[in-house]
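*Asks:* Supplied structure: query-v7.csv, CSV, C-alpha atoms.
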```csv
chain,number,residue,atom,x,y,z
L,1,MET,CA,52.8,16.7,153.8
L,2,ILE,CA,56.1,18.4,153.3
L,3,LYS,CA,57.3,20.4,156.3
L,4,LEU,CA,58.9,23.6,155.2
L,5,LEU,CA,61.2,26.0,157.1
L,6,VAL,CA,61.6,29.5,155.6
L,7,VAL,CA,64.9,31.3,156.3
L,8,ASP,CA,65.1,34.9,155.3
L,9,SER,CA,66.1,38.1,157.1
L,10,HIS,CA,63.0,39.9,155.8
L,11,PRO,CA,59.8,39.3,157.8
L,12,ILE,CA,57.6,40.0,154.8
L,13,ILE,CA,59.2,37.2,152.8
L,14,ARG,CA,58.8,34.7,155.6
L,15,LYS,CA,55.1,35.7,156.1
L,16,GLY,CA,54.5,35.8,152.4
L,17,ILE,CA,55.7,32.2,151.9
L,18,GLU,CA,53.6,31.1,154.9
L,19,LEU,CA,50.5,32.6,153.5
L,20,LEU,CA,51.3,31.1,150.1
L,21,PHE,CA,50.9,27.6,151.5
L,22,VAL,CA,48.3,28.2,154.2
L,23,ALA,CA,45.7,26.2,152.2
L,24,SER,CA,48.1,23.7,150.6
L,25,LYS,CA,47.5,20.0,151.0
L,26,ASP,CA,51.1,19.2,150.1
L,27,ILE,CA,53.3,21.8,151.9
L,28,ARG,CA,53.1,23.2,155.4
L,29,VAL,CA,55.3,26.0,156.7
L,30,VAL,CA,56.3,24.8,160.1
L,31,GLY,CA,58.4,27.9,160.9
L,32,GLY,CA,60.4,30.9,159.8
L,33,VAL,CA,63.8,32.2,161.1
L,34,SER,CA,65.8,35.3,160.3
L,35,ASN,CA,69.4,34.1,160.4
L,36,GLY,CA,71.7,31.2,159.7
L,37,GLU,CA,72.3,30.3,163.3
L,38,ALA,CA,68.6,30.1,164.1
L,39,ILE,CA,68.2,27.3,161.5
L,40,PHE,CA,70.1,24.9,163.9
L,41,ASP,CA,68.2,26.1,167.0
L,42,PHE,CA,64.9,25.3,165.1
L,43,LEU,CA,66.0,21.9,163.8
L,44,ARG,CA,66.9,20.8,167.4
L,45,HIS,CA,63.3,20.9,168.3
L,46,GLU,CA,61.3,20.5,165.1
L,47,LYS,CA,61.2,18.1,162.2
L,48,VAL,CA,61.8,19.7,158.8
L,49,ASP,CA,61.8,18.2,155.3
L,50,VAL,CA,62.8,21.2,153.2
L,51,ILE,CA,64.5,24.5,154.0
L,52,LEU,CA,63.8,27.4,151.7
L,53,SER,CA,66.7,29.8,152.4
L,54,GLU,CA,68.2,33.0,151.2
L,55,ILE,CA,72.0,33.2,150.7
L,56,ASP,CA,72.4,36.6,152.4
L,57,LEU,CA,71.8,35.9,156.1
L,58,PRO,CA,73.0,37.6,159.3
L,59,LYS,CA,75.1,35.7,161.8
L,60,LEU,CA,75.8,32.8,159.5
L,61,ASN,CA,75.6,33.2,155.8
L,62,GLY,CA,73.6,30.8,153.7
L,63,LEU,CA,76.5,29.0,152.1
L,64,THR,CA,78.2,28.4,155.4
L,65,ALA,CA,74.9,27.2,156.9
L,66,LEU,CA,74.4,24.9,153.9
L,67,ARG,CA,77.7,23.1,154.4
L,68,ARG,CA,77.0,22.7,158.1
L,69,LEU,CA,73.5,21.3,157.3
L,70,ALA,CA,75.0,18.8,154.9
L,71,LYS,CA,77.1,17.4,157.7
L,72,GLU,CA,74.6,17.7,160.6
L,73,TYR,CA,71.2,17.2,158.9
L,74,PRO,CA,71.9,15.4,155.6
L,75,GLN,CA,68.3,14.2,155.4
L,76,VAL,CA,67.0,17.8,155.2
L,77,LYS,CA,66.8,19.2,151.7
L,78,VAL,CA,67.8,22.8,151.1
L,79,LEU,CA,66.4,25.0,148.3
L,80,MET,CA,68.1,28.3,147.9
L,81,PHE,CA,65.6,31.1,147.4
L,82,THR,CA,67.5,34.3,146.7
L,83,THR,CA,68.0,37.5,144.8
L,84,GLN,CA,71.6,36.5,144.0
L,85,PRO,CA,72.3,35.8,140.3
L,86,GLU,CA,72.2,32.1,139.5
L,87,GLU,CA,75.1,32.3,137.0
L,88,ILE,CA,77.3,33.3,139.9
L,89,TYR,CA,76.0,31.1,142.8
L,90,ALA,CA,73.9,28.2,141.6
L,91,LEU,CA,76.6,25.7,140.8
L,92,ASN,CA,78.5,26.4,144.0
L,93,THR,CA,75.4,26.1,146.2
L,94,ILE,CA,74.6,22.7,144.5
L,95,LYS,CA,78.2,21.6,145.1
L,96,SER,CA,77.9,22.7,148.7
L,97,GLY,CA,74.9,20.5,149.3
L,98,ALA,CA,71.8,22.4,148.1
L,99,SER,CA,69.1,20.5,146.3
L,100,GLY,CA,68.0,23.4,144.2
L,101,TYR,CA,68.4,27.1,143.3
L,102,LEU,CA,65.5,29.5,142.8
L,103,THR,CA,65.5,33.2,142.3
L,104,LYS,CA,63.0,35.4,144.0
L,105,ASN,CA,61.4,36.5,140.7
L,106,ALA,CA,59.9,33.0,140.4
L,107,ASN,CA,56.2,32.7,140.3
L,108,ILE,CA,54.0,30.8,142.8
L,109,ILE,CA,53.7,27.7,140.6
L,110,THR,CA,57.4,27.5,140.1
L,111,ILE,CA,58.1,27.9,143.9
L,112,LYS,CA,55.8,25.0,144.7
L,113,GLU,CA,57.2,22.8,141.9
L,114,ALA,CA,60.7,23.4,143.1
L,115,ILE,CA,59.8,22.5,146.8
L,116,MET,CA,58.0,19.4,145.7
L,117,LYS,CA,60.9,18.3,143.5
L,118,VAL,CA,63.7,18.7,146.1
L,119,ALA,CA,61.5,17.0,148.7
L,120,GLU,CA,61.3,14.0,146.4
L,121,GLY,CA,65.1,13.9,146.3
L,122,ASP,CA,65.6,15.5,142.9
L,123,THR,CA,67.6,18.7,142.1
L,124,TYR,CA,65.9,21.8,140.9
L,125,LEU,CA,67.5,24.2,138.5
L,126,SER,CA,65.7,26.8,136.3
L,127,THR,CA,65.1,25.8,132.7
L,128,ASN,CA,67.3,28.7,131.7
L,129,LEU,CA,70.3,27.6,133.8
L,130,ALA,CA,69.8,23.9,133.0
L,131,HIS,CA,69.9,24.8,129.3
L,132,GLN,CA,73.1,26.9,129.7
L,133,LEU,CA,74.8,24.1,131.6
L,134,ALA,CA,73.9,21.6,129.0
L,135,PHE,CA,75.7,23.7,126.4
L,136,GLY,CA,78.5,24.9,128.7
L,137,ARG,CA,77.5,28.5,128.6
L,138,ARG,CA,76.6,31.3,131.1
L,139,VAL,CA,74.2,34.2,130.7
L,140,ASN,CA,76.7,36.8,131.8
L,141,LYS,CA,79.9,35.9,130.0
L,142,SER,CA,82.0,38.5,131.8
L,143,SER,CA,80.8,37.4,135.2
L,144,GLY,CA,81.0,33.8,134.2
L,145,SER,CA,84.6,34.0,133.1
L,146,LEU,CA,85.6,35.7,136.3
L,147,PHE,CA,83.5,33.2,138.3
L,148,LYS,CA,85.2,30.2,136.8
L,149,LYS,CA,88.5,31.4,138.3
L,150,LEU,CA,87.2,31.3,141.8
L,151,SER,CA,86.6,28.4,144.2
L,152,ARG,CA,83.5,28.2,146.3
L,153,ARG,CA,85.4,29.4,149.4
L,154,GLU,CA,87.0,32.3,147.5
L,155,ILE,CA,83.5,33.5,146.5
L,156,GLU,CA,82.3,33.3,150.1
L,157,VAL,CA,85.4,35.3,151.2
L,158,LEU,CA,84.9,37.9,148.4
L,159,LYS,CA,81.2,38.3,149.3
L,160,LEU,CA,82.0,38.9,153.0
L,161,ILE,CA,84.7,41.4,152.0
L,162,SER,CA,82.3,43.2,149.7
L,163,ILE,CA,79.8,43.8,152.6
L,164,GLY,CA,82.5,45.3,154.8
L,165,LYS,CA,83.5,42.3,157.0
L,166,LYS,CA,86.9,42.5,158.7
L,167,ASN,CA,89.4,39.6,158.6
L,168,LYS,CA,88.4,38.5,162.2
L,169,GLU,CA,84.7,38.5,161.3
L,170,ILE,CA,85.3,36.5,158.1
L,171,ALA,CA,87.4,34.0,160.0
L,172,GLN,CA,84.7,33.5,162.7
L,173,GLU,CA,81.9,33.2,160.2
L,174,LEU,CA,83.7,30.7,157.9
L,175,GLU,CA,85.4,29.0,160.9
L,176,ILE,CA,88.9,29.5,159.6
L,177,ASN,CA,91.9,31.5,161.0
L,178,GLU,CA,92.7,35.1,160.2
L,179,LYS,CA,95.9,34.1,158.4
L,180,THR,CA,93.9,31.9,156.0
L,181,VAL,CA,91.6,34.8,155.3
L,182,SER,CA,94.6,37.0,154.4
L,183,THR,CA,95.8,34.2,152.1
L,184,TYR,CA,92.4,34.1,150.4
L,185,LYS,CA,92.5,37.9,149.9
L,186,ALA,CA,95.9,37.7,148.3
L,187,ARG,CA,94.7,34.9,146.0
L,188,LEU,CA,91.6,36.8,145.1
L,189,MET,CA,93.6,39.9,144.2
L,190,LYS,CA,95.9,37.8,142.0
L,191,LYS,CA,93.1,35.9,140.2
L,192,LEU,CA,91.0,39.1,139.7
L,193,ASN,CA,94.0,41.1,138.7
L,194,VAL,CA,93.6,43.9,141.3
L,195,GLY,CA,96.1,45.6,143.5
L,196,ASN,CA,94.2,46.5,146.7
L,197,ILE,CA,91.1,45.8,148.7
L,198,VAL,CA,89.1,48.8,147.3
L,199,ASP,CA,89.6,47.5,143.8
L,200,LEU,CA,88.7,44.0,144.9
L,201,ILE,CA,85.4,45.3,146.4
L,202,ASN,CA,84.7,47.2,143.2
L,203,ARG,CA,85.4,44.0,141.1
L,204,ALA,CA,83.0,42.1,143.4
L,205,LYS,CA,80.3,44.7,142.7
L,206,LEU,CA,80.9,44.4,138.9
L,207,MET,CA,80.5,40.6,139.3
L,208,GLU,CA,77.2,41.2,141.3
L,209,ILE,CA,78.7,39.2,144.2
```
As structure tokens, how would this structure be written, given the file I've shared?
*Replies:*
Amino acid sequence: MIKLLVVDSHPIIRKGIELLFVASKDIRVVGGVSNGEAIFDFLRHEKVDVILSEIDLPKLNGLTALRRLAKEYPQVKVLMFTTQPEEIYALNTIKSGASGYLTKNANIITIKEAIMKVAEGDTYLSTNLAHQLAFGRRVNKSSGSLFKKLSRREIEVLKLISIGKKNKEIAQELEINEKTVSTYKARLMKKLNVGNIVDLINRAKLMEI
């Protein structure tokens, strides 16, 4: 029996996933938490095989939590379950330690298949994304070309900037100093060819960050 922890800020998502597997012989939802920090509080007391997690989380974003999980709980598999576009985030989440990437428009059968697959130690990617990777392409060429310029950490900083986080808040969430945040901002503006923070935020929106 696979023990599943659901991590999402929306109660209806957490409850929906729980109800989805209430009669399952293979998967049991052992809990649900609403933010990134709560993942670690839960894992201190409960055994979990797979975490189904959104990227956009309060307190500690999904990508930061993912890296911490890879260090502290390497035996726990993480399947990202998100509204964020896979052409922007999928590869970086896999590089950060995720075992799979699933968008929230997936059907029930696909969700179960993905959880089973990562629990067995495999990596789950959608057929569409796997096909694109095989041929070195992206669905959204404009987003993809911009994305290729950015490192995983730059994408994290850009996302936090785009939702209104200040330098100090970004530094705390990513566990870096404020000077480093300023360096990332300057690097982002240069790579994305913008001259100020407002334009940087607008570019992030165009990229669906």
*Asks:* Can you tell me how far CA of Val50 (chain L) sits from CA of Ile27 (chain L), in Å to one decimal?
*Replies:* 9.6 Å
*Asks:* Can you work out which one of L:Ser162, L:Gln172, L:Tyr124, L:Ala98 has the shortest atom-to-atom distance to Leu200 (chain L), counting all atoms listed in the file?
*Replies:*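 Of the candidates, the smallest distance to Leu200 (chain L) is held by L:Ser162.
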*Asks:* Using all atoms listed in the file, which of L:Val78, L:Leu52, L:Leu5, L:Ile111 sits nearest Gly31 (chain L)?
*Replies:* L:Leu5
*Asks:* Which of these residues is nearest to Leu4 (chain L), using only C-alpha atoms: L:Val118, L:Gln84, L:Leu57, L:Pro74?
*Replies:*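 Once distances to Leu4 (chain L) are computed over only C-alpha atoms, the minimum belongs to L:Val118.
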*Asks:* Which distance in Å separates CA of Asn177 (chain L) and CA of Thr93 (chain L), to one decimal?
*Replies:* 22.8 Å
*Asks:* So that I can see what lies close to Asp8 (chain L), please list as a list in words the residues with an atom at most 10 Å from it, counting only C-alpha atoms and leaving out residues fewer than 2 positions away in the same chain.
*Replies:* Leu5, Val6, His10, Pro11, Ile12, Ile13, Arg14, Gly32, Val33, Ser34, Asn35, Gly36, Leu52, Ser53, Glu54, Ile55, Asp56, Leu57, Pro58, Gly62, Phe81 and Thr82 of chain L
*Asks:* Would you kindly return, as a ChimeraX atom specification, each protein, DNA or RNA residue with an atom no farther than 12 Å from any atom of Leu60 (chain L), considering all atoms listed in the file and excluding same-chain residues fewer than 5 positions away?
*Replies:* /L:7-9,34-40,53-55,65-69,156,160,169-175
*Asks:* I'd like the interatomic distance between CA of Gln75 (chain L) and CA of Asp49 (chain L), to a tenth of an Å.
*Replies:*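 Between CA of Gln75 (chain L) and CA of Asp49 (chain L) the gap works out to 7.6 Å.
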